[in-house]
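A short worksheet on the structure shown next.
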Amino acid sequence: MSEAPIQEKVEAQAIDNLEPDFDGEFPIVIEGLRNSFGEQVVHEGLDLKVKRGEVLGVVGGSGSGKSVLMRSIIGLQVPDQGTIEVFGRNIADESAREDMAIRSRWGVLFQGGALFSTLTVGENVEVPLKQFYPELDPELMHEIARYKVVLSGLPADAASKYPAELSGGMKKRAGLARALALDPELLFLDEPTAGLDPIGAARFDELTRNLADTLGLTVFLITHDLDTLYAICDRVAVIADKKVIAVGTIPELLKSDHPWIQEYFNGPRGRAVQARPEHGKSMDSQGQTGE
Ligand SMILES: Nc1ncnc2c1ncn2[C@@H]1O[C@H](COP(=O)(O)OP(=O)(O)OP(=O)(O)O)[C@@H](O)[C@H]1O
Ligand SMILES: [Mg+2]
């Protein structure tokens, strides 16, 4: 009897357990969010809707609350006020058991990567598999992990390496492989290209866009990287003044007269990126020459 292809086995044993994919328009809906640490208010009256299937770039100054926002959406930070619906369910209201079902439907690449240094790359990818599907056959778990490692653009033999044996860019890919372990519908990436050289960053961007398109993912992408915004984001949300002050395509944002947006997109770095031929279309489409 011939062996079933790995993908079929995965679907039979793991994906069957998942609920149907979310088919509403907005997998993430945030209303009136307030987060604070002691006296420090990080978010106040923050609203945001993330569209299904989009790559949403999230930008804002350092300390503006991008990572805290991501942590709130995935339930690691309990807000003072407001509601956060993920896949149509208020994540704060769910029982722990139901939370597990929701949690298995997103993947996260944390700022800094956060791989377990004592585990190989493959074992790192198996961590969420073991957590959510402890009954999976170990051999199948290894197979899934190897598949995700390759999907993330690493050579198959990287699965048996330890994080300390990898370059910065490879670590990011390993973190991505772990984020993809559970076949998520939603992918959270916090500064995935920080610390990569421009070529490595561009390759990672391309990988993210390809995965989003081929796997139908919705991507919440926190970044400082203007190239990433132009290259792969469908829309960009700007965090300033404790809230999302604008969300839209880059041409739409360029029309805003908010000082932070103007400084960010039309400051020296923003203008340098816009001036590149591959990004000229974004600028033309809203009829500005910038001069
Ligand atoms: N666990 C915490 N306890 C206390 N303060 C916190 C905690 N987490 C974040 N903060 C504070 O909340 C604010 C927002 O932090 P956050 O990490 O979301 O910023 P960020 O926009 O992601 O910045 P960066 O671009 O530098 O990553 C900062 O002032 C930070 O010091
Ligand atoms: Mg951050």
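Going by the structure tokens order, chains are called A, B, ..., each with residues numbered from 1, while ligands are numbered from 1 in the order shown.
With only C-alpha atoms and all ligand atoms counted, the chains near ligand 2 contribute these residues within 9 Å: Ser62, Gly63, Ser64, Gly65, Lys66, Ser67, Val68, Met70, Phe110, Gln111, Asp190, Glu191, Ile222 and Thr223 of chain A.
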Please return, as a tab-separated table (two decimals) with C-alpha atoms, in the first residue's frame, all residues of stretch 50-255 of chain A that DSSP assigns to strand (DSSP E or B) on the basis of the backbone.
chain	number	residue	atom	x	y	z
A	50	VAL	CA	-8.42	44.11	9.69
A	55	VAL	CA	-1.45	42.18	4.49
A	56	LEU	CA	-1.93	45.07	6.92
A	57	GLY	CA	1.19	47.04	7.78
A	58	VAL	CA	1.17	48.55	11.27
A	59	VAL	CA	3.47	51.52	11.81
A	60	GLY	CA	4.07	54.03	14.57
A	81	GLN	CA	-11.64	48.84	28.17
A	82	GLY	CA	-12.93	48.05	24.72
A	83	THR	CA	-13.69	44.94	22.74
A	84	ILE	CA	-11.51	42.79	20.52
A	85	GLU	CA	-13.23	40.32	18.24
A	86	VAL	CA	-11.14	37.72	16.49
A	89	ARG	CA	-15.71	36.17	18.85
A	90	ASN	CA	-14.81	38.43	21.73
A	106	TRP	CA	-3.22	32.17	14.42
A	107	GLY	CA	0.54	32.11	14.30
A	108	VAL	CA	2.88	34.65	15.83
A	109	LEU	CA	6.42	35.75	15.11
A	186	LEU	CA	-4.05	34.80	10.76
A	187	LEU	CA	-0.36	35.56	10.92
A	188	PHE	CA	1.14	38.14	13.29
A	189	LEU	CA	4.63	39.37	12.46
A	190	ASP	CA	6.32	41.87	14.80
A	218	THR	CA	-4.52	37.56	6.77
A	219	VAL	CA	-1.29	39.18	7.95
A	220	PHE	CA	-0.89	41.73	10.77
A	221	LEU	CA	2.59	43.05	10.08
A	222	ILE	CA	4.28	45.47	12.46
A	235	ARG	CA	-3.08	48.81	3.59
A	236	VAL	CA	-1.20	50.48	6.40
A	237	ALA	CA	-2.51	51.40	9.87
A	238	VAL	CA	-0.74	54.27	11.62
A	239	ILE	CA	-0.60	54.35	15.42
A	240	ALA	CA	-0.04	57.74	17.04
A	243	LYS	CA	-4.95	55.34	18.67
A	244	VAL	CA	-5.04	54.32	15.02
A	245	ILE	CA	-5.03	57.77	13.43
A	246	ALA	CA	-5.33	56.51	9.86
A	247	VAL	CA	-5.65	53.30	7.90
A	248	GLY	CA	-5.54	52.98	4.14
| said: Using only C-alpha atoms and all ligand atoms for the distances, tell me which of A:Ile261, A:Ala174, A:Leu254, A:Ala194 is nearest to ligand 1. | reply: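 Going through A:Ile261, A:Ala174, A:Leu254, A:Ala194 one by one, the smallest distance to ligand 1 is for A:Ala194.
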Determine, counting only C-alpha atoms, which protein, DNA and RNA residues have an atom within 7 Å of an atom of A:Lys51; residues of the same chain fewer than 3 positions away are not included. Present the result as a VMD selection string.
chain A and resid 25 to 27 54
Write a file of the just-selected residues containing C-alpha atoms, as a PDB file, in the first residue's frame.
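Done, and the output landed in out-v9.pdb:
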ATOM      1  CA  GLU A  25     -15.095  40.349   6.099  1.00  0.00           C
ATOM      2  CA  PHE A  26     -13.060  41.331   9.169  1.00  0.00           C
ATOM      3  CA  PRO A  27     -11.245  38.619  11.163  1.00  0.00           C
ATOM      4  CA  GLU A  54      -5.022  41.505   3.472  1.00  0.00           C
TER       5      GLU A  54
END
**OP:** Per DSSP on the backbone, filter stretch 133-259 of chain A down to the residues in alpha helix (DSSP H) and report them as a PyMOL selection string.
**Re:** chain A and resi 138-151+168-179+198-215+226-232+250-254+259
- Message: Please compute the atom 9 (C, counted along the ligand's line) of ligand 1-atom CA of A:Leu69 distance, one decimal, in Å.
- Response: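 Straight-line distance from atom 9 (C, counted along the ligand's line) of ligand 1 to atom CA of A:Leu69 works out to 9.5 Å.
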Between A:Glu123, A:Ile74, A:Asn35, A:Arg103, smallest distance to A:Pro138 by only C-alpha atoms belongs to A:Glu123
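Shortest separation to ligand 1 among A:Asp157, A:Ala179, A:Pro128, A:Lys242 occurs at residue A:Lys242, atoms counted being only C-alpha atoms and all ligand atoms.
Residue nearest A:Leu253, chosen from A:Leu196, A:Leu33, A:Leu229, A:Leu154 and counting only C-alpha atoms: A:Leu229.
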Ligand 1 proximity check over A:Pro277, A:Gly53, A:Gly38, A:Gly24, using only C-alpha atoms and all ligand atoms: winner is A:Gly38
With distances taken over only C-alpha atoms and all ligand atoms, the candidate from A:Pro192, A:Gly153, A:Gly175, A:Pro184 nearest ligand 1 is A:Pro192
